Amino acid sequence: MNRRQFITAAASAATLAAAGTKYDLIIKGGRVIDPSRKLDAVRDVAIANGRIAAIGANLHGDADTIDAAGKLVVPGLIDIHTHAARAKDAAPLCLADGVTGLIDAGSQGADRISETIAIAKSAPQLCRVLINIGRAGILAEGDTMDLARADVAAAREAIEHNRDMIVGVKARLSRDVAGPNDFEVLKRAQEVASSFNLPVMIHMGQTVSPLSKLFPLLKSGDIVTHMFAPPPNSIIDDDGHILPEVLAARRRGVIFDLGNGRSGHLRWDMAERILKAGFLPDTFSTDWTPEGRPTQVVNFPNVISKFLMLGMTLDQVIAGATSHPSRAFPVFHDRGTLKVGAPADIAILELREGTFDFVDNFAGKRSGRQRLFPSATILAGKRVAA
Ligand SMILES: [Zn+2]
C-alpha cells in the first residue's frame with residue numbers, strides 16, 4: 001500500500017478502535033515475544049474468532065481481558081518430541097503447561113499405531129504421531145534388536161491408512177535399542193519415509209555405529225533428537241570440534257533437537273561444550289512422559305529454562321519452542337507465530353528471578369538465576385481452564 005492508503009487504513013483502524021472494536025479477548029500489557037516477527041515489546045494482543053486480530057500498544061474493545069502485566073506472552077509452544085499419545089491425560093497436562101502443538105515421537109509402531117492415533121485425535125490441541133520403524137513400538141529389550149521388527153511393508157501400510165495423523169518415521173538407534181542393526185534400521189526408516197515424502201526423526205546417542213556412518217543417510221528436514229547425548233558417538237570430538245558429518249547434515253537442512261528425556265540424553269558438560277562450539281539446537285523438546293514430570297523434564301517451560309542458564313537468550317529459547325518447531329512439520333505451518341490472522345494459540349509464561357535448581361539425565365545439578373513457569377494457555381482463542 002502507498003502512503004495515502006496507509007494513512008487511510010490507519011485512520012479507519014483508529015476509528016474502529018474508538019468505536020469499540022469487537023474482539024473476543026484482549027491479553028493486556030504483557031511482554032510479547034514473537035521471534036517469528038522479531039517482536040519483543042510490551043503490547044496488547046487482541047483475539048477474534050479464534051485468531052489473532054491485532055497486536056498494538058493500547059487496544060480497546062468490547063471483550064474479555066486477561067491481565068498479563070509482568071508476564072511473557074508468546075506463541076503457543078510446540079513440542080516435537082513427546083510420548084503424549086500413550087495415555088489420554090497427557091495432552092491436557094501439556095496444554096496447561098503452554099504446549100498447543102505436540103508430536104508423539106514413535107511410542108508405537110505399525111502393530112498398535114491405531115491406539116496412539118486414537119489418543120492423538122482426542123487431544124484438545126494439535127497432536128500428530130511418528131510411527132516407530134520397529135513394528136512393536138518401544139520395547140524394553142530394544143525396538144529393533146530383532147531386525148525383523150523393522151518391517152518396511154507394515155510401516156508403509158500403517159501410513160497409507162493414516163496419512164492425516166502420521167507425520168514422520170522414528171528410528172531409535174542406541175545400542176540398547178537397535179544394537180548393531182542401527183545402520184540397517186535407519187536405511188529402512190528412510191525407505192518408508194521417502195515413499196511418502198516424510199521426515200525421519202532419529203534418536204541418537206550411544207550408538208554402535210559412528211555418526212560418520214549414520215548421518216550421511218539423513219536428508220533435508222530429518223530431525224536428530226538427543227543432540228547433546230554423551231559418548232560413545234556424540235556430535236562433538238574430544239578436542240571440542242563438531243564432527244564434519246554433523247556440520248554437513250546441518251548445512252543440508254537436518255534439524256537438531258534437544259529431546260530432554262530422563263536417561264542418557266542430556267549431560268551438562270556436553271551441552272556446554274556443544275554450545276561453546278557455536279552449535280545451537282534448532283528445536284527444544286521434552287521427550288515428555290508421565291515419569292518425567294516430577295523431576296528432570298517437569299514441563300516444557302522448565303526444559304527451555306535450562307538453556308537460559310547455559311547462556312542462550314530468551315529470544316533464542318522461545319524461538320526454539322515456537323517458530324523453529326513450527327517449521328519441522330507442515331501441520332504446524334500457521335502456528336508458532338502471533339502474526340495477525342494466525343490461529344490464536346498462545347502461552348502466557350512467567351519469568352521468575354531467583355535461584356533455581358536444574359538436573360541433567362546423570363543427576364548433575366546446576367543452579368540458574370531464571371526460570372520460566374506456565375501461567376495460562378489460550379487455545380484457538382479460548383482460555384484453557386487451569
Ligand atoms: Zn522419546
# chains A, B, ... in the order shown; residues from 1 in each chain; ligands from 1
>>> residues_near_ligand(ligand="ligand 1", cutoff="7 Å", atoms="only C-alpha atoms and all ligand atoms", output="list in words")
His81, Thr82, His83, Ala105, Gly259, Gly261 and Asp287 of chain A
>>> write_last_selection(atoms="N, CA, C and O atoms", output="mmCIF file, in the first residue's frame")
data_model
loop_
_atom_site.group_PDB
_atom_site.id
_atom_site.type_symbol
_atom_site.label_atom_id
_atom_site.label_comp_id
_atom_site.auth_asym_id
_atom_site.auth_seq_id
_atom_site.Cartn_x
_atom_site.Cartn_y
_atom_site.Cartn_z
ATOM 1 N N HIS A 81 8.942 -33.652 20.336
ATOM 2 C CA HIS A 81 9.321 -34.988 20.815
ATOM 3 C C HIS A 81 8.689 -35.210 22.184
ATOM 4 O O HIS A 81 9.208 -34.748 23.206
ATOM 5 N N THR A 82 7.538 -35.883 22.169
ATOM 6 C CA THR A 82 6.880 -36.263 23.415
ATOM 7 C C THR A 82 6.409 -37.709 23.273
ATOM 8 O O THR A 82 6.494 -38.299 22.192
ATOM 9 N N HIS A 83 5.902 -38.240 24.375
ATOM 10 C CA HIS A 83 5.182 -39.515 24.325
ATOM 11 C C HIS A 83 3.795 -39.294 24.905
ATOM 12 O O HIS A 83 3.299 -40.077 25.711
ATOM 13 N N ALA A 105 6.459 -39.015 19.482
ATOM 14 C CA ALA A 105 7.593 -39.433 18.650
ATOM 15 C C ALA A 105 7.880 -40.921 18.794
ATOM 16 O O ALA A 105 8.780 -41.339 19.504
ATOM 17 N N GLY A 259 15.413 -33.028 22.924
ATOM 18 C CA GLY A 259 14.919 -34.304 23.465
ATOM 19 C C GLY A 259 15.420 -34.531 24.881
ATOM 20 O O GLY A 259 16.247 -35.406 25.132
ATOM 21 N N GLY A 261 14.241 -35.746 27.947
ATOM 22 C CA GLY A 261 14.126 -37.106 28.459
ATOM 23 C C GLY A 261 14.663 -37.302 29.862
ATOM 24 O O GLY A 261 14.832 -36.333 30.615
ATOM 25 N N ASP A 287 10.726 -34.785 25.269
ATOM 26 C CA ASP A 287 10.657 -36.252 25.359
ATOM 27 C C ASP A 287 9.735 -36.611 26.527
ATOM 28 O O ASP A 287 10.043 -37.460 27.352
#
>>> select_by_dssp(residues="stretch 167-200 of chain A", states="strand (DSSP E)", output="list in words")
Val167, Gly168, Val169, Lys170, Ala171, Arg172 and Val200 of chain A
>>> write_last_selection(atoms="all heavy atoms", output="PDB file, in the first residue's frame")
ATOM      1  N   VAL A 167       2.993 -38.251  10.729  1.00  0.00           N
ATOM      2  CA  VAL A 167       3.709 -37.172  10.033  1.00  0.00           C
ATOM      3  C   VAL A 167       5.208 -37.443   9.907  1.00  0.00           C
ATOM      4  O   VAL A 167       5.967 -36.558   9.500  1.00  0.00           O
ATOM      5  CB  VAL A 167       3.455 -35.810  10.724  1.00  0.00           C
ATOM      6  CG1 VAL A 167       1.978 -35.433  10.631  1.00  0.00           C
ATOM      7  CG2 VAL A 167       3.925 -35.829  12.177  1.00  0.00           C
ATOM      8  N   GLY A 168       5.623 -38.655  10.232  1.00  0.00           N
ATOM      9  CA  GLY A 168       7.036 -38.986  10.090  1.00  0.00           C
ATOM     10  C   GLY A 168       7.323 -40.361  10.659  1.00  0.00           C
ATOM     11  O   GLY A 168       6.430 -41.045  11.165  1.00  0.00           O
ATOM     12  N   VAL A 169       8.597 -40.759  10.554  1.00  0.00           N
ATOM     13  CA  VAL A 169       9.032 -42.089  10.995  1.00  0.00           C
ATOM     14  C   VAL A 169      10.110 -41.913  12.055  1.00  0.00           C
ATOM     15  O   VAL A 169      11.022 -41.089  11.894  1.00  0.00           O
ATOM     16  CB  VAL A 169       9.595 -42.902   9.812  1.00  0.00           C
ATOM     17  CG1 VAL A 169      10.050 -44.288  10.263  1.00  0.00           C
ATOM     18  CG2 VAL A 169       8.555 -43.014   8.692  1.00  0.00           C
ATOM     19  N   LYS A 170      10.016 -42.662  13.140  1.00  0.00           N
ATOM     20  CA  LYS A 170      11.005 -42.582  14.210  1.00  0.00           C
ATOM     21  C   LYS A 170      11.894 -43.811  14.163  1.00  0.00           C
ATOM     22  O   LYS A 170      11.409 -44.950  14.055  1.00  0.00           O
ATOM     23  CB  LYS A 170      10.290 -42.515  15.578  1.00  0.00           C
ATOM     24  CG  LYS A 170      11.214 -42.431  16.792  1.00  0.00           C
ATOM     25  CD  LYS A 170      11.707 -41.026  17.039  1.00  0.00           C
ATOM     26  CE  LYS A 170      12.603 -40.903  18.273  1.00  0.00           C
ATOM     27  NZ  LYS A 170      11.873 -40.921  19.551  1.00  0.00           N
ATOM     28  N   ALA A 171      13.203 -43.553  14.251  1.00  0.00           N
ATOM     29  CA  ALA A 171      14.175 -44.647  14.310  1.00  0.00           C
ATOM     30  C   ALA A 171      15.041 -44.434  15.537  1.00  0.00           C
ATOM     31  O   ALA A 171      15.820 -43.489  15.599  1.00  0.00           O
ATOM     32  CB  ALA A 171      15.021 -44.666  13.044  1.00  0.00           C
ATOM     33  N   ARG A 172      14.888 -45.302  16.505  1.00  0.00           N
ATOM     34  CA  ARG A 172      15.689 -45.213  17.735  1.00  0.00           C
ATOM     35  C   ARG A 172      16.924 -46.097  17.540  1.00  0.00           C
ATOM     36  O   ARG A 172      16.811 -47.280  17.269  1.00  0.00           O
ATOM     37  CB  ARG A 172      14.862 -45.637  18.954  1.00  0.00           C
ATOM     38  CG  ARG A 172      13.642 -44.724  19.139  1.00  0.00           C
ATOM     39  CD  ARG A 172      12.705 -45.183  20.254  1.00  0.00           C
ATOM     40  NE  ARG A 172      13.273 -45.004  21.573  1.00  0.00           N
ATOM     41  CZ  ARG A 172      13.438 -45.980  22.465  1.00  0.00           C
ATOM     42  NH1 ARG A 172      13.107 -47.219  22.173  1.00  0.00           N
ATOM     43  NH2 ARG A 172      13.961 -45.728  23.647  1.00  0.00           N
ATOM     44  N   VAL A 200      12.322 -38.351   8.798  1.00  0.00           N
ATOM     45  CA  VAL A 200      12.692 -39.350   9.799  1.00  0.00           C
ATOM     46  C   VAL A 200      13.254 -38.603  10.998  1.00  0.00           C
ATOM     47  O   VAL A 200      14.016 -37.652  10.831  1.00  0.00           O
ATOM     48  CB  VAL A 200      13.765 -40.317   9.247  1.00  0.00           C
ATOM     49  CG1 VAL A 200      14.363 -41.183  10.363  1.00  0.00           C
ATOM     50  CG2 VAL A 200      13.172 -41.207   8.163  1.00  0.00           C
TER      51      VAL A 200
END
>>> closest_residue(among="A:Leu102, A:Ile113, A:Ala376, A:Leu77", to="A:Ile304", atoms="only C-alpha atoms")
A:Leu77
>>> residues_around(residues="A:Gly98", least_positions_apart="4", cutoff="6 Å", atoms="only C-alpha atoms", output="list of chain:residue names")
A:Gly76, A:Leu77, A:Ala347, A:Thr377
>>> decode(residues="stretch 203-215 of chain A", atoms="all heavy atoms", output="PDB file, in the first residue's frame")
ATOM      1  N   HIS A 203      16.715 -41.038  16.999  1.00  0.00           N
ATOM      2  CA  HIS A 203      17.116 -40.941  18.404  1.00  0.00           C
ATOM      3  C   HIS A 203      18.584 -41.371  18.409  1.00  0.00           C
ATOM      4  O   HIS A 203      18.890 -42.525  18.136  1.00  0.00           O
ATOM      5  CB  HIS A 203      16.186 -41.872  19.185  1.00  0.00           C
ATOM      6  CG  HIS A 203      16.670 -42.376  20.504  1.00  0.00           C
ATOM      7  ND1 HIS A 203      15.851 -42.416  21.606  1.00  0.00           N
ATOM      8  CD2 HIS A 203      17.847 -42.904  20.895  1.00  0.00           C
ATOM      9  CE1 HIS A 203      16.513 -42.944  22.628  1.00  0.00           C
ATOM     10  NE2 HIS A 203      17.724 -43.251  22.223  1.00  0.00           N
ATOM     11  N   MET A 204      19.487 -40.382  18.580  1.00  0.00           N
ATOM     12  CA  MET A 204      20.921 -40.682  18.568  1.00  0.00           C
ATOM     13  C   MET A 204      21.415 -40.879  20.005  1.00  0.00           C
ATOM     14  O   MET A 204      20.671 -40.729  20.957  1.00  0.00           O
ATOM     15  CB  MET A 204      21.708 -39.566  17.872  1.00  0.00           C
ATOM     16  CG  MET A 204      21.688 -38.221  18.579  1.00  0.00           C
ATOM     17  SD  MET A 204      23.101 -37.146  18.122  1.00  0.00           S
ATOM     18  CE  MET A 204      24.440 -37.861  19.119  1.00  0.00           C
ATOM     19  N   GLY A 205      22.694 -41.185  20.122  1.00  0.00           N
ATOM     20  CA  GLY A 205      23.314 -41.336  21.425  1.00  0.00           C
ATOM     21  C   GLY A 205      23.688 -42.772  21.703  1.00  0.00           C
ATOM     22  O   GLY A 205      22.855 -43.663  21.631  1.00  0.00           O
ATOM     23  N   GLN A 206      24.963 -42.985  22.000  1.00  0.00           N
ATOM     24  CA  GLN A 206      25.466 -44.314  22.373  1.00  0.00           C
ATOM     25  C   GLN A 206      25.088 -45.370  21.338  1.00  0.00           C
ATOM     26  O   GLN A 206      24.595 -46.454  21.669  1.00  0.00           O
ATOM     27  CB  GLN A 206      24.951 -44.715  23.766  1.00  0.00           C
ATOM     28  CG  GLN A 206      25.288 -43.722  24.873  1.00  0.00           C
ATOM     29  CD  GLN A 206      24.131 -42.784  25.184  1.00  0.00           C
ATOM     30  OE1 GLN A 206      22.980 -43.181  25.222  1.00  0.00           O
ATOM     31  NE2 GLN A 206      24.436 -41.517  25.422  1.00  0.00           N
ATOM     32  N   THR A 207      25.293 -45.012  20.066  1.00  0.00           N
ATOM     33  CA  THR A 207      25.044 -45.981  19.006  1.00  0.00           C
ATOM     34  C   THR A 207      26.249 -46.900  18.852  1.00  0.00           C
ATOM     35  O   THR A 207      27.365 -46.575  19.276  1.00  0.00           O
ATOM     36  CB  THR A 207      24.809 -45.259  17.666  1.00  0.00           C
ATOM     37  OG1 THR A 207      25.851 -44.300  17.470  1.00  0.00           O
ATOM     38  CG2 THR A 207      23.471 -44.564  17.649  1.00  0.00           C
ATOM     39  N   VAL A 208      26.012 -48.050  18.238  1.00  0.00           N
ATOM     40  CA  VAL A 208      27.127 -48.936  17.891  1.00  0.00           C
ATOM     41  C   VAL A 208      27.909 -48.311  16.731  1.00  0.00           C
ATOM     42  O   VAL A 208      29.131 -48.204  16.771  1.00  0.00           O
ATOM     43  CB  VAL A 208      26.604 -50.346  17.518  1.00  0.00           C
ATOM     44  CG1 VAL A 208      27.725 -51.189  16.920  1.00  0.00           C
ATOM     45  CG2 VAL A 208      26.010 -51.033  18.753  1.00  0.00           C
ATOM     46  N   SER A 209      27.208 -47.888  15.689  1.00  0.00           N
ATOM     47  CA  SER A 209      27.883 -47.278  14.531  1.00  0.00           C
ATOM     48  C   SER A 209      28.246 -45.831  14.823  1.00  0.00           C
ATOM     49  O   SER A 209      27.517 -45.133  15.512  1.00  0.00           O
ATOM     50  CB  SER A 209      26.965 -47.297  13.302  1.00  0.00           C
ATOM     51  OG  SER A 209      26.657 -48.616  12.931  1.00  0.00           O
ATOM     52  N   PRO A 210      29.371 -45.371  14.275  1.00  0.00           N
ATOM     53  CA  PRO A 210      29.728 -43.953  14.419  1.00  0.00           C
ATOM     54  C   PRO A 210      28.777 -43.071  13.619  1.00  0.00           C
ATOM     55  O   PRO A 210      28.174 -43.513  12.644  1.00  0.00           O
ATOM     56  CB  PRO A 210      31.152 -43.889  13.846  1.00  0.00           C
ATOM     57  CG  PRO A 210      31.242 -45.042  12.907  1.00  0.00           C
ATOM     58  CD  PRO A 210      30.350 -46.120  13.471  1.00  0.00           C
ATOM     59  N   LEU A 211      28.663 -41.821  14.046  1.00  0.00           N
ATOM     60  CA  LEU A 211      27.769 -40.896  13.346  1.00  0.00           C
ATOM     61  C   LEU A 211      28.246 -40.653  11.915  1.00  0.00           C
ATOM     62  O   LEU A 211      27.451 -40.344  11.032  1.00  0.00           O
ATOM     63  CB  LEU A 211      27.666 -39.565  14.108  1.00  0.00           C
ATOM     64  CG  LEU A 211      27.087 -39.684  15.533  1.00  0.00           C
ATOM     65  CD1 LEU A 211      26.928 -38.302  16.162  1.00  0.00           C
ATOM     66  CD2 LEU A 211      25.756 -40.434  15.544  1.00  0.00           C
ATOM     67  N   SER A 212      29.555 -40.812  11.691  1.00  0.00           N
ATOM     68  CA  SER A 212      30.089 -40.615  10.332  1.00  0.00           C
ATOM     69  C   SER A 212      29.495 -41.638   9.363  1.00  0.00           C
ATOM     70  O   SER A 212      29.442 -41.416   8.167  1.00  0.00           O
ATOM     71  CB  SER A 212      31.610 -40.721  10.340  1.00  0.00           C
ATOM     72  OG  SER A 212      31.997 -41.982  10.850  1.00  0.00           O
ATOM     73  N   LYS A 213      29.025 -42.758   9.904  1.00  0.00           N
ATOM     74  CA  LYS A 213      28.367 -43.764   9.066  1.00  0.00           C
ATOM     75  C   LYS A 213      26.858 -43.493   8.971  1.00  0.00           C
ATOM     76  O   LYS A 213      26.253 -43.696   7.921  1.00  0.00           O
ATOM     77  CB  LYS A 213      28.627 -45.160   9.656  1.00  0.00           C
ATOM     78  CG  LYS A 213      28.042 -46.281   8.830  1.00  0.00           C
ATOM     79  CD  LYS A 213      28.391 -47.654   9.414  1.00  0.00           C
ATOM     80  CE  LYS A 213      27.680 -48.760   8.647  1.00  0.00           C
ATOM     81  NZ  LYS A 213      27.778 -50.066   9.333  1.00  0.00           N
ATOM     82  N   LEU A 214      26.260 -43.041  10.085  1.00  0.00           N
ATOM     83  CA  LEU A 214      24.797 -42.894  10.125  1.00  0.00           C
ATOM     84  C   LEU A 214      24.309 -41.595   9.484  1.00  0.00           C
ATOM     85  O   LEU A 214      23.304 -41.584   8.772  1.00  0.00           O
ATOM     86  CB  LEU A 214      24.313 -42.952  11.580  1.00  0.00           C
ATOM     87  CG  LEU A 214      24.557 -44.281  12.314  1.00  0.00           C
ATOM     88  CD1 LEU A 214      24.237 -44.134  13.802  1.00  0.00           C
ATOM     89  CD2 LEU A 214      23.713 -45.400  11.694  1.00  0.00           C
ATOM     90  N   PHE A 215      25.028 -40.471   9.768  1.00  0.00           N
ATOM     91  CA  PHE A 215      24.488 -39.171   9.365  1.00  0.00           C
ATOM     92  C   PHE A 215      24.384 -38.973   7.848  1.00  0.00           C
ATOM     93  O   PHE A 215      23.491 -38.248   7.408  1.00  0.00           O
ATOM     94  CB  PHE A 215      25.281 -38.036  10.026  1.00  0.00           C
ATOM     95  CG  PHE A 215      24.761 -37.671  11.395  1.00  0.00           C
ATOM     96  CD1 PHE A 215      24.235 -38.643  12.233  1.00  0.00           C
ATOM     97  CD2 PHE A 215      24.777 -36.355  11.836  1.00  0.00           C
ATOM     98  CE1 PHE A 215      23.751 -38.334  13.491  1.00  0.00           C
ATOM     99  CE2 PHE A 215      24.282 -36.026  13.097  1.00  0.00           C
ATOM    100  CZ  PHE A 215      23.770 -37.008  13.925  1.00  0.00           C
TER     101      PHE A 215
END
